[in-house]
Structures are given as C-alpha cells and as structure tokens.
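Note sheet for the following structure.
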Amino acid sequence: MEKVFVPRGYQIELFQRARDNNAIAYLDTGAGKTFISVLLLDHVSPSLMKRDGTRKWAFFMGCTVPLVQQQADALRKQLPNLKVALIVGDMNVDGWSEAAWRQKFEETDLFILTPQILVNLIMHGFFKLSDSALLIFDECHHTIKNHPYNQLMSSYFRVPSHLRPKIFGMTASPLLTLKVDDTLYACQMKFQQLESRLDSTVFTVSDRSELKEYISTPLEEILLYDPTIPDYIPPHVSYMMDQRKVIGRICSDYGRIFQDAIDILCDLGPCGCYLFLAIIAKNFLKSKLHPLMSALAKNDIEMSMKIVESSAENIRPSANVAKGYIGKAHRLITQLHQNLANFEDPSFRAILFIQTKLEVEVVRFILKYFPAFKLKIRVNFLVGHQENFYGTGMDMKSQNKVVQKFKDGKINLLIATSVGQEGIDIQPCRLVMHLSPINNVKDYVQSRGRARHKDSILRLFVPMGDYAQVEFLGKIQQAERMMREAVYLREDHQRFETDDDGDFYEISSTGARIDLHQSVSLVYQYCGKLPGDRFTDHFPKEEIFYAEGGYQCRVRMPLMSPVKMSEGLVKSKKKLARASAHLEMVKQLHKGGHLTDFLTCDFQLEDLQLELESDQVEISENYVPEIPQVLCRPLQIDLNQDDVQVEISRWTICTFETDRIWSLGIVLPNWIDPADLPSMENLTVSVFHKEYPRFHLENIAKFHRNLFSIIKPGLYNNSKISTRKSYLFVPLIGSDIDWDVILQVETNLKSIPAVDLLQLENFNIETLFPGKVVTRKNVGGHFQVEKIDFDSTADSKFEKTAGFRPTINLEKEKHRTYVEFYADRGIHLNFPEFPLLQVRRISFRKFQDEVQVENIPFELCTVVNIPGKFLEGSVLLFRHLFNWERRLLTIQFEKDMKFEEFNLKIPMGMLQSCLTSRNVEPVANYERLETLGDAFLKWKVSVWAFSEFSQGHEGQLSILRAKMISNSNLRKIGILKKIHRYISMNPFKLEDMSVATLRENSEISIPQKIVADVVEALIGAFHLCESGDPFLKWMNIPCEMKSIPQPIQDPNFDYSTFQEIQDVLQYQFKNPEILRQALTHSSSMNTSCKDSYQRLEFLGDAALGYLITGMIYKKHQETDPGKITDLLIFLVNNDMFAQLTIRYGFHRHIHLESEDLA
C-alpha cells in the first residue's frame, strides 16, 4: 500500500500563502517543497479536470531532464486523480504537429517538462498561457538572463493580468547572483529583482524550529592539506612546461594537455599525473586532431609518463598512502582510509565534489584501483552532458543509471561535478566532501543540502596557510544567513514605502496595470528586445543624482530605442527614484505606440503590416499538368477495341529523318506551325498532310499499341489513350506511311523462341537472325543481332575482343566455357555446336555512339518480329519528341501568361531553361538564373521595405523580407499564376511517351522549392532582358522605392571629419548625416545621432549580394550555381570587408561604446 504523506505545519503555512498569492517558497533542500506544489495542484485540480470551454492546465517545470523525470514519478503517486504527462526533448517533441499537441492536451491535466518545451509551445501558437491555471518553477532562482524560465515569464507578462496563471516557485538558494560582499540592502534588491521577474513574493517559514525536526544540519569541518610540492617534482614540471611552450605554438590543444598535466601534478601528485597521462595516452588518438599530431602527442605523453615514473618511488597506487600523492590527494585518501569502517554500513553514502571533469576521472581511477579501497568503496562518477576536450561526458540515460545505483547501494561513493549539486534528486549522504574551492553562496547551500542524513558531515578542503579562503568561507556562511534575514525583513515590512504606492500606470481599455517596481523589469525587457549585435549593451543607463527633497533618476535608453530619455519624480530613496524614472519611460513608450495596450514589448512582424496576395488564397497541393494544345484531341481511341472510333480524316504527319535510323513519324490531330518544329542536330523535320480511310487509322492505332507492348510489356492492359494527349507513332517510307512494316508487326506480333525456328525447312542461322530483335532468357531488355560469330560456339571459352562488353565477368570466368557457365546456373544447352550470336543491347535511355556487343547462344533467345533499326530509331524519336513537347509547352506558356500584353519579352530558349529542372536537363536548366533572380529579388524587396517602413528597425525589415522572398510565398505566387503547370520536372522516361500512361485529369504534386526556384529563375531571366521590374509587378511583388525622409543634420557636429572617407570613395554625400549613421554602432548612447547603421546594413547587404552575383554571373558564363555561391561567399564576408575598412582607414571614424569592440 502506498504511503500517504501528511503535510507538515510549515508546508501548510507556505501552501496557504501560495494559494492566495503568487509565491516563491524558500526552503532548505529536503524540506519537502515538492509536496507544497502537490497541495497547490490538488487545490486547482477542479479547473484541470473540466471538459468544457473553461478547462485549464497546470505545468510543473524543472531545469534538467533527470529532475523532471524524478518529479514525475513522485507527482503521479501523490496525484492519482490527475492525468500526468512527462514531456522531454528526447521524445522528438520539436517535430510534433499542432494536431498531435491538441491530442496530448485533450488527454492530460498536468504537464511535467523542461521550460524550453513550454516556451516553444507558446512560440508556435500551440498553447496560450491564459489557458493555464498554475505554473510551478522548480529551482526558480535560474530565472535570469536568457534562461527559458525568463523567456517564459516574458510571455507571462504579455497576458492580461486578469488572465494570468498562478505562479509558484521553489528554491533552496534564491539568489543565484548573491556575492559575499553584498550588503543587506543589495540582498534585498536582488530579492526584488527575482520577485519582479517571477511576479511573485518570496516566503519562508515563520518558525524554523519545526523545520529542524525534519532537516538535519550537517557538521561542517575544514580539512587543511599541505600544498607544498616535494623537491622531486620540479623536473617533471620543467619538462612539461617546455613541451607546452614548444608544441603549443603548433597546436594550442596539444599544448593544453601539458598545462593540465602540470595542474594535476601540483594538485594530486605524481601518481595523479601519471594516471592522467595514462588515460590521455589511451584515448587521445580518438581526438579530432590531425593523425600526425595525435601520434606525436601520444609519443610525448608516454615520454612524460616515463619521466614522472622514474622521478618518484612507488608511483602506482599502494597500500602506503604517503607515497605517490601530495596535497589534497594525500588528505583525501587519508580521510577515506579513516572512514573505511563507515563504508561497510549498507546505508552509508558519500559524495565528493570536484570542479572539473578531468579531475573527476583522475580521482576516480586513483580510488577505484587503490588496493585498500577495492573491497569496501564502490566508486563511480557523475558529470554533465557536454563533452570537454578529452571527450568526457554523460548522457541522460547514463546519469540516471548512476543515480539509481547510488540509491540502491551498488555505489557508495559518488564523485561529481556541479551537476550533482542541483537538478538531480540524489540519495541523502552522511559524508559530503568538497575537494575544489566553493565559489559562491549557491554552491555552498546546494552542497550542504546533499548532507541531509542524520549525523552527516560536510568537509571542505582548504590549503594550509590560505587564510583568505577560510575567510571567504566564513563570508559565504554569513551571506546565507543574511539572505534568510532579508526575507524575514521584507515579510515584516511588506508595506514599506506606502507613500509611493499611488505611483502606477493603468490602461483602462485592457485593465493592464504596472507599478513602480514592476516598471524596472518591463523597461529591461523592452531594451532586451531592441535590435543589436552581441556587442550592444541592451540595458538602459541610469544616472541617480541628488535633487531638492531627495533623489531623482535619469534613464538613458539604447540608441535603437525610439524614446531616448526619461526623468522620474523626486523620491526619498534611490531605489524609488530609479523605479520612478522607469515608470515614466513606460508611459512614454506606451504613448508613443512602442508598448501595446497590454503593456507588452512585442517586437513582431505585426508591427509591419503587409497583406500579401498569397496569404489570402488556399493553395492546393495537387494539380493537373499542362499539355501542349497541338498534342490534344477531343476524341478517345480505345486501343483494346477492334472498332476504333475516328471522326477526323485530315492529319498532320511530321517526319524525323537521320542518316542512322529508319524514317519515322507521328500522326497528330492538329495542324502544326512549321516555325514550332524542333531544330536538332542530325535531324530533319518536315510536315505533310494526308487523308486516310477509316481502316487505315485503325491499323495505325493498333501498330502504336503493338510497338509499346513490345517495348513495355503490359503497358496497355485495360488502358486507353488519354484525350489530353494524343499522337500515334508510324514508320515512314518516302512521304508516306510504310504499311508493310505496320502489317508485319500486326500479323507477327507473337514472339517466337529461337529453338522453334529449327523446325523450319529452310532454317538457316546465317539468314534468319542478323538484323532481328531478340530477348534473352533470364536477362531483361532487347538486343539486336549484329552477325553470326562462326568462330565461337557454346563449347568455346570466354574471350574478350574489340568492342566486346559481356555481362559476364571475364576475369573470373576466363578459363570456362559457355556450357559450363550456364550449367552452373541451371541452364542446359542442347545445341552447343551452333555458332554464337553477336548481339548489341538496344538502349531505351540514350543513343549509344559506341557499339558494344557480346556473344550469346541462339537457343536462349526469343525473336521479336520488328526490325531492329526501327525499334532503336523509335526510342531516339521518343527522346526528340520529349524535347519537342517541352518547347511546345514553353511557347504555350508564353501565350497563356500573356507576356506580350505586358510588354515582357524574353528569348524562347531562356524561357524554356527557366521551366526546366536539373533532372531533365543537366546544363540548360533554371539553376543559374535562379541564383541571379534570388539576388535581384532580395535587392528589390529590400529597397521597397526600407522605403515603405522608414521607422522599421533592421530586425523587423529582415523578418518582412524573409517572409516575402521565402520559398513558401514564392511557391504560392507561382501557383496563383499557374506557373507550376508548365514546369518540366521529371527526366525522360520511355513509358511517359506512351499516351496511355496519362489518365484523364490525373493530378500530380510538385515540391515547394522547385516552384519557388522557377519563380526566381524567371525573375532573373527577365532582369537580364531589362524587364525585371515589370515582371515583379506582373507577379504582384512590391518593388517600387518611395521617397525616404532624410535624417536631420546636427548643427553642432563637425561633418568635415568625414571628408577623408568621401575622398577615398570619390563621392560627396549631399546629406552627410547618412554617412554618420553608417558609421554609428548600436552600442553608442552618448551621441546626438538618431539611428545606428543597422538599417543601412540591411540595405547594403542586399545591394552587395545583387551587384556581385550579377558580376559573377556575367563574367563566368559556364560557372555552375554552386561555384557562383562559393565565389559570393568568398567575396562578401565580414573578414573581407573588415580588411577593406582598415585598409582605407574607415575604422577610425566608427563611433561605438562597446568595451569588447573598443
């Protein structure tokens, strides 16, 4: 039976506070903060279990996956009535669709997850925070900077106050940034910042006496160790220092090994150093360094091991703890030796905190293989996910496995980095040791929290004589007491400064309301969303000065803020004066339209409203491709019926003649303009007209069917010629149809096995087979018999001759005969004495210039009654017709798009390339033109956006441009214009040339990117034809540049300082303020310049891409798109322009205030 947990008094006290207000519970590790959240969840559970429109959801969040997994197990046991879902990144939640999330919400009341998942849910619009009843933040002190907790709270503040969920935070060390030298006032201010970020109040228990009944306070001891390095150590240090200096010049990572070895040598002694080098020597060859460097490193590492070993006695672990170890390692082993009896207790657990993963692994080896510890101390390590230089790292599964073994007692000593201090629920320990220095209050509180067992001990290692570190530890303990005192003081004075409670700003239309203290965080949030690079300070500058009657504050905003400065009211205290100035800034930002009526600083694309035509139309994924109208007919011919219905008697016959193949033709239902006939090398095309009686057309239709039945057996089973695309293939002789071939194919359609021909009275292999088409047993395809090879029979051995390319591996089978070869494959040759047939494969994919033949026994062949030249010529005709169809379709595309009406002119060959993918034509396709069109489109849209939205910042303009030139938008435009119906996407396939494969109104789909690429290719082509702007207008893509308000010149600024730049550029600016903006970084705050260079950078980036892409395109006519892109990247990059800026001295005129850049 599951144990029922009875709430303690202090838990009920904090629950009641959290029930009535947003609260942060500040309690020691192990005090049962999670159970307070259980009480809260139970309290709001009625709203979670509703199944109507008022249903809400609750979220429990933890910073690490192991933590949320452990909390999920606990909450499922305590809340059996709620449907609990654990959601972690390993479940591939980033790929879940809106429907999948909707289903998950339908079946879940409480989500337990990491905060980034909820942030993403809100970002994608899959969930609204107003639909949440409760948000629980475990380890809520991480709500700082860009942590997902802080991102989530930004979304929270965008929700109207009456719709916001309840907030409950839990922490054992609320002030992550508390310093040991902070005053009580500074501590209170940091509490205020945390409360402001979480919109909550920090509470702790009013009486700690009850808490002490459940929480054990560990005995704290400082262990002093001798940091002195013995006399025999310096030679090793000297050698490795030399290695670090010499090798480090070649490879910094390589030199780092020896620096780390020196550090471990001084910290852990020669034994530790030896073990470290041994580990590296074993694993280092797996590193990413060049193999030669890795080999050199391994050689030098092994040399270092020998020097270390030869300079110290008994270097390897021994029972004598005094040998081979120094300093903290010696002290650690001594302590463990003294506690060996405790390790025999099955309930005893100990944890050792070490700062780096490197030392963790070394100490683990020292302890694991130390003879005296082998039977009693079961040691393992716990580190974070991220791999370091040496590859040490643990995934989530490995972490959970180690923690579980520690809980079960299979491990009784755990060596951990800071990952073991928080974020993972670890078994309470009786011994906690800190081998590395404690750096801050959080480390101290979290480490001490692991020593929750009764009679537990916390031991801190400190070097002898390091009084500064001892003093620092004392300050840490004092800072923790001050942190607790600050909470009590703040609770006792919750109505502190009541005379200023009337300072607030409220929006009547929405009910949004902000007071003094909330205004600071809102202004900081606003600044954090302003555009800028990583060198821009995204914080306001505050100047507090004495004024009559108190203090006053002036807030200066970053350069990119539309409101530059505000001054607050005079207040009695500095912090209130600061808050008043921020509240005034909030008022100005809202009145200027820079904050919404919900007082949110939401810099989204909605600030730049643009109704795109493509957004207003539903786009279908499937479509019916266009067919050239000259190939269409209104009748349907059923080739499976003997009675062929034909009502048109006049036909157009196009002849295709070459010097190598049979004269062939196609019968078309419509008249063809001779100008539209294909012009191809070694091919003559002519047109003539004939009238035939009905039965002749029936024979032509049957011949067409028979021809494709030979080429593609089964193609015409239960199929009809499509009414969308109708033409018939015919053999020609002179200017008429060769009816003899048609009759021959019709009467002798059935293929005949070659052995059956032996029954003929006049059987003669020499006259029956040459020129025939045959198929071959167990081998696909068709072959034409070239001649009879009277020099070879089936008893002959395999032989290679000129032009001979057999399907058999000659090298492997060269000593075998044909009879033996086929016998191994289960084929018995009955007539091995007959000469072999020399055949050539007929390619249905391409015309072969090189004649390649092979020998096969005649009895394996089946004879097809159709002339070989005609069959091979038919395939070549199909390829020509395929290309002709594309040209006819391009001509039709130009007419259907009505380009002539819009005065849009373009060469037909270029237009056909725009509509042709690389799959169809490797050279004359859209890819080069698409690269040019992409650059031109980006430039024109950038110019339009820059002038249309003169107040839009670079981030907004970039988002808008990205939307307009995205593949998704261009695809929609292409589909609206019906361009996609004319794209040649698939390569030549023989079966596609049979009209039977095109069903009436059969729909196909086309990839999004191909349509977008074709649109860009058309833009590039019309741009080359000096019709780029008219074509963009035809496409309904805005591209016109409006007049731009000129920046006002500052009469107090000396613009003559820019004359040097203008002389270099050989251009005089009419308004030098534009040049000044181009040289002003967004970090500049003490300047009269009204804007930074970011908007101009947005425009210049597009201009450079367009100009240089055009230059490369014209200069390198044969360069493929990939190389064009490579050249563009080489010429347009930060390094290149930085060098040019320095070469011409422009950098001396840049105005910035970033210390990192300066």
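By order in the structure tokens, chains are A, B, ...; within a chain, residues start at 1; ligands start at 1, following the order shown.
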
Checklist line | alpha helix (DSSP H) per DSSP on the backbone: members of stretch 817-1060 of chain A, as a ChimeraX atom specification | finding: /A:818-824,868-896,908-914,927-948,954-964,967-976,1008-1024,1028-1034,1059-1060

Next item on the list: Name the residues in contact with stretch 437-448 of chain A at a cut-off of 6 Å, using only C-alpha atoms, excluding same-chain residues fewer than 2 positions from it; report them as a PyMOL selection string.
Entry: chain A and resi 173+421+450-451+476

Note to self: Counting only C-alpha atoms, which residue out of A:Gln427, A:Gln151, A:Gln188, A:Ser47 sits closest to A:Pro165?
What the structure shows: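 Of A:Gln427, A:Gln151, A:Gln188, A:Ser47, the one nearest A:Pro165, counting only C-alpha atoms, is A:Ser47.
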
Notebook entry, point to check: Closest to A:Ser154 among A:Gly528, A:Gly826, A:Pro857, A:Gly933, using only C-alpha atoms?
Noted result: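 Result for the nearest residue to A:Ser154: A:Gly528.
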
Check: Which one of A:Gly449, A:Gly272, A:Gly32, A:Gly593 sits closest to A:Glu361 if you count only C-alpha atoms?
Finding: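 Closest to A:Glu361 of all the choices is A:Gly272.
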
Notebook entry, point to check: Could you pull the residues within 6 Å of stretch 16-28 of chain A, counting only C-alpha atoms, minus those fewer than 2 positions along the same chain, as a VMD selection string?
Noted result: chain A and resid 13 to 14 31 166 to 172 200 to 204

Check: Taking into account only C-alpha atoms, which residue in the set A:Thr1080, A:Asn764, A:Asn925, A:Gln192 is nearest to A:Val1014?
Finding: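 Counting only C-alpha atoms, the residue closest to A:Val1014 is A:Asn925.
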
Margin query: I want to know what sits within 12 Å of A:Leu75, based on only C-alpha atoms, with residues of the same chain fewer than 6 positions away left out; could you give that as a PyMOL selection string?
Written below: chain A and resi 5+34-42+59-60+68-69+81-86+110-112

Check: Using only C-alpha atoms, which residue out of A:Leu367, A:Leu589, A:Val755, A:Ile627 lies closest to A:Leu888?
Finding: A:Ile627

Next item on the list: Can you pull out every residue within 10 Å of A:Leu576, counting only C-alpha atoms, but drop anything in the same chain fewer than 4 positions away, and send it as number ranges by chain?
Entry: A: 497, 500, 516-517, 551-553, 568-572, 580-582

Notebook entry, point to check: What does the distance between atom CA of A:His1151 and atom CA of A:Lys529 come to in Å, to one decimal place?
Noted result: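 Interatomic distance, atom CA of A:His1151 to atom CA of A:Lys529: 22.1 Å.
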
Next item on the list: In Å, rounded to a single decimal, give me how far atom CA of A:Pro558 is from atom CA of A:Pro1051.
Entry: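 Going from atom CA of A:Pro1051 over to atom CA of A:Pro558 covers 22.5 Å.
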
Next item on the list: Return the single residue from A:Phe899, A:Phe1137, A:Glu1118, A:Asp1050 that is closest to A:Met1035, with distances computed using only C-alpha atoms.
Entry: A:Phe899

Margin query: Would you compute the distance between atom CA of A:Met49 and atom CA of A:Phe105? Give it in Å to one decimal.
Written below: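 Separating atom CA of A:Met49 from atom CA of A:Phe105 is a distance of 11.5 Å.
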